[in-house]
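Heads up: the structure comes next, in structure tokens.
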Amino acid sequence: MSRKIPKWLAISFVLMGLQLTHVGDTSSLGRNSGPNILVPTAAPGPTLQISPQLDRHAISPYIYGMNFADETFAQELKLPVNRFGGNATTRYNWQNDTSNHASDWYFENIPEANSNPGALPNESTTDRFVDQDRRTQTQTIMTLPLIGWTPKSRAIACGFSVAKYGAQQSTDPWQPDCGNGVHTNGSEITGNDPLDTSTAIDPTFVQGWINHLISRYNTAAQGGVKFYDLDNEPALWNSTHRDVHPTPVSYDELRDRTYQYAAAVKATDSSAFTLGPVAWGWVEYFYSAKDVADGGAWWNTRSDRRAHGDIPLTDWYLQQMKLYEQQHGTRILDYLDLHYYPQALGVTLSPAGDSNTQALRLRSTRSLWDPTYVDESWINDTVRLIPRMRDWVQQNYPGTKPAITEYNWGGLEHINGALAQADVLGIFGRENLDLATLWDPPSNNQPGAFAFRIYLNYDGVGGTFGQTSVRATSTDQSQLAIYAAERGDGKLTAIVINKTSQDLTSTVQFTGYSQAQVYRYSSANSNAIVRQADQAIGSSGFSHTFPANSITLFVMTSITITTSAAFRVERSTGNIFADGSYNCGLGFPGPVTPPAAPCFNTGIGADVAEHINSLEILEPGDVVEIDPEHPNLFRKSRGNADLVVGVISSRPGIIMANRAFGQDSRASLALIGRASVKASSENGSIYPGDLLTVSFTKPGFVTRCDNSNNCEAVGKALGSLSHGTGIILMLIMR
């Protein structure tokens with residue numbers, strides 16, 4: 001993360017006639033209470049609607065991450081992911097436990113605090129970071145150096161020594177020989193020696209570190225470090241780390257370093273996930289640092305981009321990563337990682353500010369998704385960041401997951417920042433982001449912390465927002481924002497954020513639920529999420545008054561569907577019959593009653609099935625395996641037949657351990673017999689009687705066994721598929 005905008009970039013935007021937000025040090029934030037407007041009666045609010053069967057997709061738990069999380073807070077939240085990142089990690093040396101703090105602090109090598117340096121590389125800062133994550137059951141993102149330099153020893157050293165390079169504009173008050181690399185006349189010192197602080201490294205340095213981590217924690221697949229960030233904000237190296245990398249990073253350098261180091265990661269731990277290019281912000285999404293270094297109207301000149309087909313940098317980067325996989329058979333990039341700091345004045349990494357700034361902060365979250373919102377900053381464009389990231393991935397390298405490992409909307413010491421943070425987390429889930437880590441997280445007693453609690457621990461005993469996002473809409477998102485999700489226990493959760501300074505009464509429209517527990521965080525009690533009186537629910541929803549500047553969570557219980565089904569055994573034949581009403585696999589009970597039809601004796605057929613839980617959206621016909629990363633959960637098969645448990649039923653008739661079936665929309669796993677299954681002809685045409693195994697290229701599909709590879713069969717084909725993909729009938733064998 002860059003604490004200030006580099007001079008070369010600021011000058012560029014001045015030339016463009018734009019005002020660029022200055023990102024300053026925020027180590028001390030003051031509380032700003034802002035205006036307190038009392039409204040005697042509630043005003044009519046927008047209509048809210050929840051449609052639990054629409055727009056369903058799994059919410060990744062990794063969107064609720066942080067950078068350098070406090071252990072107590074991480075333990076309380078069961079924090080999903082924690083990142084070791086930022087400018088100093090670009091030149092962290094795992095062997096001597098020393099970082100260079102670059103332009104953030106006088107380009108100094110500063111040894112990390114360590115009570116037993118003689119034990120290094122064991123018990124280093126990063127070892128202790130991972131140790132904490134193991135204690136809190138949190139996944140680790142470790143930042144790896146790609147820049148090619150690292151501190152040469154465990155001692156303070158200066159990138160721009162006053163004794164060696166002369167007087168400078170500013171020096172470290174505690175190390176007066178360490179300057180800021182700027183002559184007293186304002187010009188930058190050039191031609192300094194990188195060896196003053198650093199030693200050159202190559203990918204073997206990173207491989208040695210990963211091997212060290214594996215020796216302590218095992219591989220990623222076996223509980224070790226799961227994620228590796230491919231350095232940090234490379235387009236700023238020629239500013240932030242100009243003492244060792246004064247040359248601006250080009251398209252080619254970014255690709256080549258990614259190829260070298262990401263391939264080294266995969267060669268050392270093939271089960272680990274990589275994230276890149278870890279871009280600093282909007283400009284780096286489209287241009288290289290070499291483009292900007294052209295000066296003048298560089299956005300028109302853009303010499304580096306034009307030399308690469310005038311393709312925007314993110315598009316080109318993804319294309320090159322895809323090309324590597326095509327040429328080498330290995331995916332070396334798993335996540336598209338971009339940083340995003342809203343550039344509207346006074347928002348990011350800032351106190352809450354006055355009423356205008358607070359209103360701007362709440363509007364600016366729209367830049368994450370809204371195609372109609374023009375960013376109110378020098379960007380002056382429709383950002384729609386998460387849909388844009390998904391478009392980049394789909395067009396250039398499908399299968400890559402979008403991640404934002406640094407962001408901050410500011411104001412976390414104030415209810416206004418808590419509202420914005422809760423809104424951001426809701427957007428992340430609804431828009432299907434895969435991973436996010438907040439930079440500079442709040443302390444566990446600040447209002448911003450309660451934005452995380454409302455999703456991860458609203459009741460103090462581990463109560464969470466749902467894991468499957470469903471459609472939730474507001475006729476005016478700027479007043480009341482709403483996000484909804486279904487939990488694994490079948491409960492529907494909804495979060496409503498009142499972004500205004502007045503109470504609003506709105507109807508919440510939906511069907512199928514009987515009663516809601518209500519939890520609220522507001523300025524009425526900034527120290528706790530408070531349980532409210534339960535909300536009664538009518539046949540079409542309910543009306544509720546949402547206090548000004550508040551976050552309200554509803555936890556709704558589905559209506560229990562009772563049936564008169566009874567099973568009996570006919571003594572003379574041994575046949576089992578189901579009498580009365582029961583589900584015959586033709587639809588769910590609900591407002592529209594499905595046509596009555598027999599299930600077992602007229603050729604329609606129905607499966608004996610059981611509900612299962614998953615973080616993915618499972619569809620009828622998907623082959624399903626045990627999810628090795630999440631106990632008691634399942635996922636689409638990934639090519640390992642040993643993990644396969646069955647097929648998602650397309651016509652569940654008898655559902656074992658059925659609970660509130662009319663509203664239980666979890667996937668149903670066919671347990672025995674025949675089932676319709678998704679199939680691929682990638683191993684050749686499929687004919688009745690062929691043994692089938694899981695596809696290596698299409699998650700959730702089966703394909704014909706290739707006997708030469710000692711195929712592990714999961715079923716036998718009862719239908720045929722000549723080419724492409726389709727649905728066939730399969731006899732389940734495991």
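Ordered as shown in the structure tokens, chains take letters A, B, and onward, while each chain numbers its residues from 1 and ligands are numbered from 1 in the order shown.
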
Using only C-alpha atoms, determine which residues lie at most 6 Å from stretch 468-476 of chain A, disregarding the query and same-chain residues fewer than 4 positions distant; provide the list as a short mmCIF file (atom, residue, chain, number, x, y, z; two decimals) with N, CA and C atoms, in the first residue's frame.
data_model
loop_
_atom_site.label_atom_id
_atom_site.label_comp_id
_atom_site.auth_asym_id
_atom_site.auth_seq_id
_atom_site.Cartn_x
_atom_site.Cartn_y
_atom_site.Cartn_z
N PRO A 46 -37.84 3.38 0.64
CA PRO A 46 -38.00 2.62 -0.59
C PRO A 46 -38.52 1.21 -0.32
N THR A 47 -39.10 0.60 -1.31
CA THR A 47 -39.58 -0.77 -1.20
C THR A 47 -38.41 -1.73 -1.34
N LEU A 48 -38.36 -2.72 -0.46
CA LEU A 48 -37.32 -3.74 -0.49
C LEU A 48 -37.95 -5.08 -0.87
N GLN A 49 -37.23 -5.85 -1.66
CA GLN A 49 -37.77 -7.14 -2.09
C GLN A 49 -36.68 -8.20 -2.06
N ILE A 50 -37.02 -9.39 -1.57
CA ILE A 50 -36.10 -10.52 -1.54
C ILE A 50 -36.70 -11.65 -2.35
N SER A 51 -35.88 -12.23 -3.24
CA SER A 51 -36.31 -13.36 -4.08
C SER A 51 -35.34 -14.51 -3.87
N PRO A 52 -35.60 -15.38 -2.89
CA PRO A 52 -34.61 -16.40 -2.50
C PRO A 52 -34.24 -17.38 -3.60
N LEU A 54 -33.74 -16.61 -6.81
CA LEU A 54 -33.13 -15.94 -7.96
C LEU A 54 -31.71 -15.48 -7.62
N ASP A 55 -30.88 -15.42 -8.68
CA ASP A 55 -29.51 -14.90 -8.59
C ASP A 55 -28.70 -15.60 -7.50
N ARG A 56 -28.88 -16.88 -7.36
CA ARG A 56 -28.20 -17.62 -6.31
C ARG A 56 -26.75 -17.94 -6.69
N HIS A 57 -25.85 -17.64 -5.80
CA HIS A 57 -24.47 -18.07 -5.97
C HIS A 57 -23.79 -18.08 -4.61
N ALA A 58 -22.76 -18.89 -4.51
CA ALA A 58 -22.03 -19.00 -3.25
C ALA A 58 -21.29 -17.70 -2.96
N ILE A 59 -21.28 -17.31 -1.70
CA ILE A 59 -20.47 -16.17 -1.25
C ILE A 59 -19.14 -16.72 -0.75
N TYR A 483 -29.00 -6.59 1.33
CA TYR A 483 -28.26 -7.76 0.88
C TYR A 483 -28.86 -8.97 1.59
N ALA A 484 -29.02 -10.07 0.87
CA ALA A 484 -29.65 -11.25 1.46
C ALA A 484 -28.89 -12.50 1.06
N ALA A 485 -28.95 -13.49 1.95
CA ALA A 485 -28.26 -14.76 1.69
C ALA A 485 -28.89 -15.85 2.53
N GLU A 486 -28.83 -17.06 2.00
CA GLU A 486 -29.34 -18.23 2.70
C GLU A 486 -28.20 -18.94 3.41
#

Every residue of stretch 191-332 of chain A that DSSP places in helix (DSSP H, G or I), as a count of residues only: 79

Contacts of A:Arg255 within 12 Å, only C-alpha atoms, excl. fewer than 5 positions in-chain, as a list of chain:residue names: A:Leu146, A:Leu230, A:Pro234, A:Val249, A:Ser250, A:Gln260, A:Tyr261, A:Ala262, A:Ala263, A:Gly276, A:Pro277, A:Ser288, A:Leu313, A:Thr314, A:Trp316, A:Tyr317, A:Leu318, A:Gln319, A:Gln320, A:Met321, A:Lys322, A:Leu323, A:Tyr324, A:Ile332, A:Leu333

Next, the residues of the selection above should be written as an mmCIF file, in the first residue's frame with N, CA, C and O atoms.
data_model
loop_
_atom_site.group_PDB
_atom_site.id
_atom_site.type_symbol
_atom_site.label_atom_id
_atom_site.label_comp_id
_atom_site.auth_asym_id
_atom_site.auth_seq_id
_atom_site.Cartn_x
_atom_site.Cartn_y
_atom_site.Cartn_z
ATOM 1 N N LEU A 146 9.210 -9.951 -5.807
ATOM 2 C CA LEU A 146 9.561 -10.168 -7.215
ATOM 3 C C LEU A 146 10.549 -9.120 -7.709
ATOM 4 O O LEU A 146 11.064 -9.224 -8.817
ATOM 5 N N LEU A 230 1.966 -11.953 -5.495
ATOM 6 C CA LEU A 230 3.153 -11.760 -6.330
ATOM 7 C C LEU A 230 3.614 -10.313 -6.233
ATOM 8 O O LEU A 230 3.398 -9.489 -7.108
ATOM 9 N N PRO A 234 3.676 -3.091 -8.341
ATOM 10 C CA PRO A 234 4.919 -2.945 -9.108
ATOM 11 C C PRO A 234 5.007 -1.661 -9.925
ATOM 12 O O PRO A 234 6.124 -1.200 -10.212
ATOM 13 N N VAL A 249 8.477 0.001 -14.398
ATOM 14 C CA VAL A 249 8.149 -1.345 -14.842
ATOM 15 C C VAL A 249 7.349 -1.283 -16.139
ATOM 16 O O VAL A 249 6.381 -0.531 -16.264
ATOM 17 N N SER A 250 7.750 -2.091 -17.093
ATOM 18 C CA SER A 250 7.093 -2.144 -18.405
ATOM 19 C C SER A 250 6.159 -3.344 -18.476
ATOM 20 O O SER A 250 6.147 -4.207 -17.588
ATOM 21 N N GLN A 260 8.594 -15.985 -14.071
ATOM 22 C CA GLN A 260 9.705 -16.588 -13.335
ATOM 23 C C GLN A 260 9.300 -16.976 -11.916
ATOM 24 O O GLN A 260 9.540 -18.112 -11.466
ATOM 25 N N TYR A 261 8.701 -16.030 -11.208
ATOM 26 C CA TYR A 261 8.441 -16.256 -9.788
ATOM 27 C C TYR A 261 7.177 -17.079 -9.557
ATOM 28 O O TYR A 261 7.140 -17.931 -8.662
ATOM 29 N N ALA A 262 6.117 -16.841 -10.325
ATOM 30 C CA ALA A 262 4.897 -17.633 -10.142
ATOM 31 C C ALA A 262 5.149 -19.088 -10.507
ATOM 32 O O ALA A 262 4.639 -20.005 -9.838
ATOM 33 N N ALA A 263 5.927 -19.319 -11.562
ATOM 34 C CA ALA A 263 6.266 -20.697 -11.916
ATOM 35 C C ALA A 263 7.082 -21.351 -10.800
ATOM 36 O O ALA A 263 6.916 -22.545 -10.508
ATOM 37 N N GLY A 276 -2.001 -11.946 -8.595
ATOM 38 C CA GLY A 276 -1.245 -10.904 -9.267
ATOM 39 C C GLY A 276 -2.157 -10.101 -10.183
ATOM 40 O O GLY A 276 -3.300 -10.503 -10.417
ATOM 41 N N PRO A 277 -1.714 -8.974 -10.714
ATOM 42 C CA PRO A 277 -0.388 -8.352 -10.557
ATOM 43 C C PRO A 277 -0.275 -7.437 -9.347
ATOM 44 O O PRO A 277 0.712 -6.741 -9.193
ATOM 45 N N SER A 288 1.117 0.894 -18.082
ATOM 46 C CA SER A 288 2.297 0.520 -17.303
ATOM 47 C C SER A 288 2.962 1.770 -16.735
ATOM 48 O O SER A 288 2.695 2.900 -17.167
ATOM 49 N N LEU A 313 -3.381 -2.783 -19.951
ATOM 50 C CA LEU A 313 -2.434 -3.647 -19.248
ATOM 51 C C LEU A 313 -3.095 -4.874 -18.623
ATOM 52 O O LEU A 313 -2.570 -5.988 -18.742
ATOM 53 N N THR A 314 -4.235 -4.714 -17.954
ATOM 54 C CA THR A 314 -4.853 -5.867 -17.301
ATOM 55 C C THR A 314 -5.267 -6.916 -18.319
ATOM 56 O O THR A 314 -5.058 -8.125 -18.109
ATOM 57 N N TRP A 316 -3.935 -7.441 -21.247
ATOM 58 C CA TRP A 316 -2.716 -8.044 -21.801
ATOM 59 C C TRP A 316 -2.083 -9.001 -20.797
ATOM 60 O O TRP A 316 -1.634 -10.101 -21.159
ATOM 61 N N TYR A 317 -2.029 -8.601 -19.536
ATOM 62 C CA TYR A 317 -1.445 -9.437 -18.488
ATOM 63 C C TYR A 317 -2.171 -10.776 -18.409
ATOM 64 O O TYR A 317 -1.539 -11.846 -18.373
ATOM 65 N N LEU A 318 -3.494 -10.751 -18.399
ATOM 66 C CA LEU A 318 -4.262 -11.994 -18.337
ATOM 67 C C LEU A 318 -4.045 -12.841 -19.577
ATOM 68 O O LEU A 318 -3.950 -14.077 -19.493
ATOM 69 N N GLN A 319 -3.959 -12.205 -20.719
ATOM 70 C CA GLN A 319 -3.698 -12.947 -21.953
ATOM 71 C C GLN A 319 -2.356 -13.665 -21.877
ATOM 72 O O GLN A 319 -2.215 -14.812 -22.325
ATOM 73 N N GLN A 320 -1.352 -12.998 -21.314
ATOM 74 C CA GLN A 320 -0.028 -13.610 -21.205
ATOM 75 C C GLN A 320 -0.021 -14.768 -20.204
ATOM 76 O O GLN A 320 0.671 -15.767 -20.401
ATOM 77 N N MET A 321 -0.803 -14.637 -19.140
ATOM 78 C CA MET A 321 -0.894 -15.738 -18.184
ATOM 79 C C MET A 321 -1.586 -16.950 -18.825
ATOM 80 O O MET A 321 -1.194 -18.101 -18.593
ATOM 81 N N LYS A 322 -2.601 -16.698 -19.620
ATOM 82 C CA LYS A 322 -3.270 -17.789 -20.330
ATOM 83 C C LYS A 322 -2.313 -18.436 -21.325
ATOM 84 O O LYS A 322 -2.270 -19.676 -21.458
ATOM 85 N N LEU A 323 -1.523 -17.613 -22.014
ATOM 86 C CA LEU A 323 -0.565 -18.142 -22.979
ATOM 87 C C LEU A 323 0.446 -19.055 -22.289
ATOM 88 O O LEU A 323 0.812 -20.112 -22.834
ATOM 89 N N TYR A 324 0.883 -18.673 -21.086
ATOM 90 C CA TYR A 324 1.834 -19.521 -20.366
ATOM 91 C C TYR A 324 1.219 -20.891 -20.093
ATOM 92 O O TYR A 324 1.872 -21.925 -20.283
ATOM 93 N N ILE A 332 -0.302 -20.586 -13.640
ATOM 94 C CA ILE A 332 0.557 -19.949 -12.644
ATOM 95 C C ILE A 332 -0.101 -18.732 -12.006
ATOM 96 O O ILE A 332 0.476 -18.131 -11.094
ATOM 97 N N LEU A 333 -1.302 -18.348 -12.475
ATOM 98 C CA LEU A 333 -2.035 -17.244 -11.860
ATOM 99 C C LEU A 333 -3.440 -17.725 -11.531
ATOM 100 O O LEU A 333 -4.190 -18.123 -12.417
#

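DSSP, applied to the backbone of this structure, assigns strand (DSSP E or B) to the following residues of stretch 164-342 of chain A: Gln168, Thr171, Cys178, Gly179, Val182, His183, Glu188, Ser198, Thr199, Ala200, Phe227, Tyr228, Asp229, Leu230, Phe273, Thr274, Leu275, Gly276, Pro277, Val278, Ala279, Tyr335, Leu336, Asp337, Leu338 and Tyr340 of chain A.
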
Exercise: A:Phe428 partners within 10 Å, only C-alpha atoms, chain neighbours under 4 positions left out, as a PyMOL selection string: chain A and resi 59-60+63-64+368-369+386+403-404+422-424+432-436

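Note that the spacing between atom CA of A:Gly460 and atom CA of A:Phe73 amounts to 11.9 Å.
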
Distance query stretch 527-533 of chain A at most 9 Å, only C-alpha atoms, self and fewer than 3 positions along chain excluded, as a list in words: Asn445, Gln446, Pro447, Phe450, Arg453, Ile454, Tyr458, Asp459, Gly460, Gln517, Val518, Tyr519, Arg520, Tyr521, Ser522 and Ser523 of chain A

Shell around stretch 193-199 of chain A at 7 Å using only C-alpha atoms, local window under 5 positions removed, as number ranges by chain: A: 109, 149-152, 157-159, 243-244

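Proximity to A:Asn457 at 12 Å, evaluated using only C-alpha atoms and with sequence-adjacent residues fewer than 5 positions away removed, yields Tyr64, Phe73, Ala74, Gln75, Glu76, Leu77, Lys78, Leu79, Ala449, Phe450, Ala451, Phe452, Gly462, Gly463, Thr464, Phe465, Gly466, Tyr519, Ala528, Ile529 and Leu553 of chain A.
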
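Minimum atom-to-atom distance to A:Phe160, evaluated using only C-alpha atoms, belongs to A:Asn180 out of A:Asn180, A:Ser543, A:Gln327, A:Thr493.
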
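Atom CA of A:Tyr62 sits 25.5 Å away from atom CA of A:Asn498.
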